[in-house]
2 protein chains.
Amino acid sequence: MSENKKVDYTEDEIRMARYAKALSHPARLAILNILSTQSKCFCGDIVSELPLAQSTVSQHLKELKDSGLIHGEIEPPKVCYCLNPTEWYIAKKLFKKFFE
Amino acid sequence: MSENKKVDYTEDEIRMARYAKALSHPARLAILNILSTQSKCFCGDIVSELPLAQSTVSQHLKELKDSGLIHGEIEPPKVCYCLNPTEWYIAKKLFKKFFE
DNA sequence: GATATTTATCGTAACTTTACGATAAATAAT
DNA sequence: ATTATTTATCGTAAAGTTACGATAAATATC
């Protein structure tokens, strides 16, 4: 039998794929664009800027949280979202390196 | 009734989301990494570098083609793939701008 | 305590993605 | 002509994504 050297993906490939997935929907890009200009934003404000139901926006916010790119803080009864600078920087570096 | 100014996504958001989707799987990142270092590569060589069946790799290559980031030329009986510099540059600029 | 506000989660339908093996199509070599 | 090589496509199963409305949970206000 022939030895086919099929090697697994690198850590960078796996991590960057995770970030790319988070960026792969216009609604999530729109959310990130809002957060990168306003630095902090209540969930409700994000909802009212998008053409989507509140529950759908909440789902997108959850995915962005899961990717690590944002996090939310509860300020009852609202929730304030902002970028996570550490992960943002890692993503930025990965994409920059990727495109050379 | 209240006017909720829900505006559609921008052209950039839609286009960048398409690129991000193409980049959202480690196998496709691995393929692009191969092509960016080798400039040209036969389909078979790509298949043998990935831990996936030939048909699955072919499917990933199709998605990359559909995104515009690569294209393939037939050199019978093989197919030679390479990056599409124009789209690559557009993607690079979009991601750079996005991360500031 | 009852009501209003805000956001997350549940349930669910429609669609897409990812993976594989099998097969077809196209050409080259015997 | 037959056979081998290479790649795309088909069929398909399992899992994931995207959207919505309804509802729950948590807190503030009356």
# chains A, B, ... in the order shown; residues from 1 in each chain; ligands from 1
call {"tool": "select_by_dssp", "arguments": {"residues": "chain A", "states": "helix (DSSP H, G or I)", "output": "PDB file with C-alpha atoms, in the first residue's frame"}}
result
ATOM      1  CA  GLU A  11      -3.207  25.375  14.169  1.00  0.00           C
ATOM      2  CA  ASP A  12      -3.280  28.611  12.195  1.00  0.00           C
ATOM      3  CA  GLU A  13      -5.506  27.100   9.511  1.00  0.00           C
ATOM      4  CA  ILE A  14      -7.962  25.842  12.107  1.00  0.00           C
ATOM      5  CA  ARG A  15      -8.015  29.109  14.015  1.00  0.00           C
ATOM      6  CA  MET A  16      -8.272  31.287  10.930  1.00  0.00           C
ATOM      7  CA  ALA A  17     -11.070  29.110   9.554  1.00  0.00           C
ATOM      8  CA  ARG A  18     -12.973  29.757  12.786  1.00  0.00           C
ATOM      9  CA  TYR A  19     -12.577  33.496  12.399  1.00  0.00           C
ATOM     10  CA  ALA A  20     -13.459  33.366   8.700  1.00  0.00           C
ATOM     11  CA  LYS A  21     -16.617  31.475   9.550  1.00  0.00           C
ATOM     12  CA  ALA A  22     -17.588  34.201  11.993  1.00  0.00           C
ATOM     13  CA  PRO A  26     -23.080  40.060   6.005  1.00  0.00           C
ATOM     14  CA  ALA A  27     -25.077  40.551   9.207  1.00  0.00           C
ATOM     15  CA  ARG A  28     -22.088  39.599  11.341  1.00  0.00           C
ATOM     16  CA  LEU A  29     -19.794  41.860   9.334  1.00  0.00           C
ATOM     17  CA  ALA A  30     -22.301  44.668   9.803  1.00  0.00           C
ATOM     18  CA  ILE A  31     -22.332  44.053  13.556  1.00  0.00           C
ATOM     19  CA  LEU A  32     -18.538  44.098  13.717  1.00  0.00           C
ATOM     20  CA  ASN A  33     -18.445  47.275  11.629  1.00  0.00           C
ATOM     21  CA  ILE A  34     -20.830  48.931  14.078  1.00  0.00           C
ATOM     22  CA  LEU A  35     -18.756  47.805  17.064  1.00  0.00           C
ATOM     23  CA  SER A  36     -15.472  48.900  15.513  1.00  0.00           C
ATOM     24  CA  THR A  37     -16.759  52.439  14.977  1.00  0.00           C
ATOM     25  CA  GLN A  38     -18.698  52.805  18.229  1.00  0.00           C
ATOM     26  CA  CYS A  43     -27.828  44.896  21.770  1.00  0.00           C
ATOM     27  CA  GLY A  44     -31.041  46.786  21.013  1.00  0.00           C
ATOM     28  CA  ASP A  45     -29.192  49.382  18.952  1.00  0.00           C
ATOM     29  CA  ILE A  46     -27.630  46.650  16.868  1.00  0.00           C
ATOM     30  CA  VAL A  47     -31.018  45.012  16.352  1.00  0.00           C
ATOM     31  CA  SER A  48     -32.516  48.254  15.078  1.00  0.00           C
ATOM     32  CA  GLU A  49     -29.743  48.697  12.524  1.00  0.00           C
ATOM     33  CA  GLN A  54     -34.323  40.305  17.365  1.00  0.00           C
ATOM     34  CA  SER A  55     -33.912  36.581  17.901  1.00  0.00           C
ATOM     35  CA  THR A  56     -31.885  36.231  14.719  1.00  0.00           C
ATOM     36  CA  VAL A  57     -29.577  39.073  15.692  1.00  0.00           C
ATOM     37  CA  SER A  58     -29.141  37.498  19.111  1.00  0.00           C
ATOM     38  CA  GLN A  59     -28.117  34.284  17.377  1.00  0.00           C
ATOM     39  CA  HIS A  60     -25.519  36.114  15.270  1.00  0.00           C
ATOM     40  CA  LEU A  61     -24.206  37.845  18.392  1.00  0.00           C
ATOM     41  CA  LYS A  62     -23.843  34.460  20.052  1.00  0.00           C
ATOM     42  CA  GLU A  63     -21.805  33.175  17.130  1.00  0.00           C
ATOM     43  CA  LEU A  64     -19.547  36.197  17.286  1.00  0.00           C
ATOM     44  CA  LYS A  65     -19.144  35.677  21.031  1.00  0.00           C
ATOM     45  CA  ASP A  66     -18.326  31.995  20.445  1.00  0.00           C
ATOM     46  CA  SER A  67     -15.656  32.970  17.907  1.00  0.00           C
ATOM     47  CA  PRO A  85      -9.186  43.463  21.238  1.00  0.00           C
ATOM     48  CA  THR A  86      -6.972  40.456  21.900  1.00  0.00           C
ATOM     49  CA  GLU A  87      -8.793  38.104  19.548  1.00  0.00           C
ATOM     50  CA  TRP A  88      -9.326  40.899  17.052  1.00  0.00           C
ATOM     51  CA  TYR A  89      -5.582  41.431  16.911  1.00  0.00           C
ATOM     52  CA  ILE A  90      -4.877  37.730  16.487  1.00  0.00           C
ATOM     53  CA  ALA A  91      -7.401  37.551  13.642  1.00  0.00           C
ATOM     54  CA  LYS A  92      -5.960  40.641  12.019  1.00  0.00           C
ATOM     55  CA  LYS A  93      -2.462  39.169  12.112  1.00  0.00           C
ATOM     56  CA  LEU A  94      -3.610  35.807  10.747  1.00  0.00           C
ATOM     57  CA  PHE A  95      -5.433  37.359   7.797  1.00  0.00           C
ATOM     58  CA  LYS A  96      -2.579  39.741   7.090  1.00  0.00           C
ATOM     59  CA  LYS A  97      -0.073  36.919   7.063  1.00  0.00           C
ATOM     60  CA  PHE A  98      -2.368  34.803   4.931  1.00  0.00           C
TER      61      PHE A  98
END
call {"tool": "interface_residues", "arguments": {"of": "chain C", "to": "chain B", "cutoff": "12 Å", "atoms": "only C-alpha atoms (C1' of nucleotides)", "output": "tab-separated table (two decimals) with N, CA, C and O atoms (P, O5', C5', C4', C3', O3' and C1' of nucleotides), in the first residue's frame"}}
result
chain	number	residue	atom	x	y	z
C	17	DT	P	-23.54	26.56	1.12
C	17	DT	O5'	-22.90	25.44	2.07
C	17	DT	C5'	-22.93	25.63	3.46
C	17	DT	C4'	-22.20	24.50	4.16
C	17	DT	C3'	-20.92	24.00	3.48
C	17	DT	O3'	-19.94	23.99	4.50
C	17	DT	C1'	-22.38	22.18	3.91
C	18	DT	P	-18.40	23.70	4.22
C	18	DT	O5'	-18.27	22.14	4.42
C	18	DT	C5'	-18.41	21.60	5.72
C	18	DT	C4'	-18.44	20.09	5.63
C	18	DT	C3'	-17.30	19.49	4.81
C	18	DT	O3'	-16.44	18.78	5.69
C	18	DT	C1'	-19.40	18.44	4.37
C	19	DA	P	-15.03	18.22	5.15
C	19	DA	O5'	-15.40	16.75	4.67
C	19	DA	C5'	-15.64	15.76	5.66
C	19	DA	C4'	-16.40	14.60	5.09
C	19	DA	C3'	-15.72	13.86	3.94
C	19	DA	O3'	-14.86	12.86	4.43
C	19	DA	C1'	-18.09	14.05	3.63
C	20	DC	P	-13.81	12.12	3.43
C	20	DC	O5'	-14.72	11.02	2.75
C	20	DC	C5'	-15.41	10.08	3.59
C	20	DC	C4'	-16.38	9.30	2.77
C	20	DC	C3'	-15.77	8.67	1.53
C	20	DC	O3'	-15.43	7.32	1.79
C	20	DC	C1'	-17.91	9.68	1.06
C	21	DG	P	-14.58	6.46	0.75
C	21	DG	O5'	-15.71	5.88	-0.22
C	21	DG	C5'	-16.81	5.14	0.33
C	21	DG	C4'	-17.78	4.80	-0.79
C	21	DG	C3'	-17.15	4.07	-1.97
C	21	DG	O3'	-18.10	3.11	-2.45
C	21	DG	C1'	-18.13	6.09	-2.72
C	22	DA	P	-17.72	2.14	-3.66
C	22	DA	O5'	-18.52	2.80	-4.86
C	22	DA	C5'	-19.91	3.06	-4.71
C	22	DA	C4'	-20.48	3.60	-6.00
C	22	DA	C3'	-19.94	2.93	-7.27
C	22	DA	O3'	-21.01	2.79	-8.19
C	22	DA	C1'	-19.49	5.25	-7.33
C	23	DT	P	-20.78	2.06	-9.59
C	23	DT	O5'	-20.72	3.32	-10.57
C	23	DT	C5'	-21.77	4.30	-10.49
C	23	DT	C4'	-21.41	5.47	-11.39
C	23	DT	C3'	-20.90	5.06	-12.78
C	23	DT	O3'	-21.60	5.84	-13.73
C	23	DT	C1'	-19.49	6.64	-11.83
C	25	DA	P	-20.75	10.67	-19.58
C	25	DA	O5'	-19.68	11.82	-19.84
C	25	DA	C5'	-19.23	12.67	-18.77
C	25	DA	C4'	-17.85	13.18	-19.09
C	25	DA	C3'	-17.43	13.00	-20.55
C	25	DA	O3'	-16.72	14.16	-20.93
C	25	DA	C1'	-15.86	11.95	-19.16
C	26	DA	P	-16.35	14.47	-22.50
C	26	DA	O5'	-14.91	15.12	-22.44
C	26	DA	C5'	-14.27	15.40	-21.20
C	26	DA	C4'	-12.80	15.05	-21.29
C	26	DA	C3'	-12.30	14.80	-22.72
C	26	DA	O3'	-11.11	15.56	-22.92
C	26	DA	C1'	-11.68	13.02	-21.32
C	27	DT	P	-10.50	15.76	-24.43
C	27	DT	O5'	-9.14	14.94	-24.30
C	27	DT	C5'	-8.21	15.36	-23.31
C	27	DT	C4'	-7.36	14.19	-22.91
C	27	DT	C3'	-6.42	13.68	-24.01
C	27	DT	O3'	-5.11	13.92	-23.56
C	27	DT	C1'	-7.35	11.92	-22.75
C	28	DA	P	-3.86	13.93	-24.55
C	28	DA	O5'	-3.04	12.68	-23.99
C	28	DA	C5'	-2.78	12.61	-22.59
C	28	DA	C4'	-2.20	11.25	-22.28
C	28	DA	C3'	-1.18	10.75	-23.30
C	28	DA	O3'	-0.04	10.32	-22.56
C	28	DA	C1'	-2.94	9.14	-23.01
call {"tool": "interface_residues", "arguments": {"of": "chain D", "to": "chain A", "cutoff": "10 Å", "atoms": "only C-alpha atoms (C1' of nucleotides)", "output": "list in words"}}
result
DT18, DA19, DC20, DG21, DA26, DT27 and DA28 of chain D
call {"tool": "write_last_selection", "arguments": {"atoms": "C-alpha atoms (C1' of nucleotides)", "output": "PDB file, in the first residue's frame"}}
result
ATOM      1  C1'  DT D  18     -30.290  30.789   8.973  1.00  0.00           C
ATOM      2  C1'  DA D  19     -34.471  32.601   9.765  1.00  0.00           C
ATOM      3  C1'  DC D  20     -38.731  33.360  12.445  1.00  0.00           C
ATOM      4  C1'  DG D  21     -42.216  33.641  16.333  1.00  0.00           C
ATOM      5  C1'  DA D  26     -33.927  39.257  34.657  1.00  0.00           C
ATOM      6  C1'  DT D  27     -34.454  43.653  36.162  1.00  0.00           C
ATOM      7  C1'  DA D  28     -36.646  48.268  36.521  1.00  0.00           C
TER       8       DA D  28
END
call {"tool": "atom_distance", "arguments": {"atom1": "atom CA of Asp8 of chain B", "atom2": "atom CA of Ile74 of chain A"}}
result
28.1 Å
call {"tool": "closest_residue", "arguments": {"among": "C:DA29, C:DA4, C:DC15, C:DA24", "to": "DG16 of chain D", "atoms": "only C-alpha atoms (C1' of nucleotides)"}}
result
C:DC15
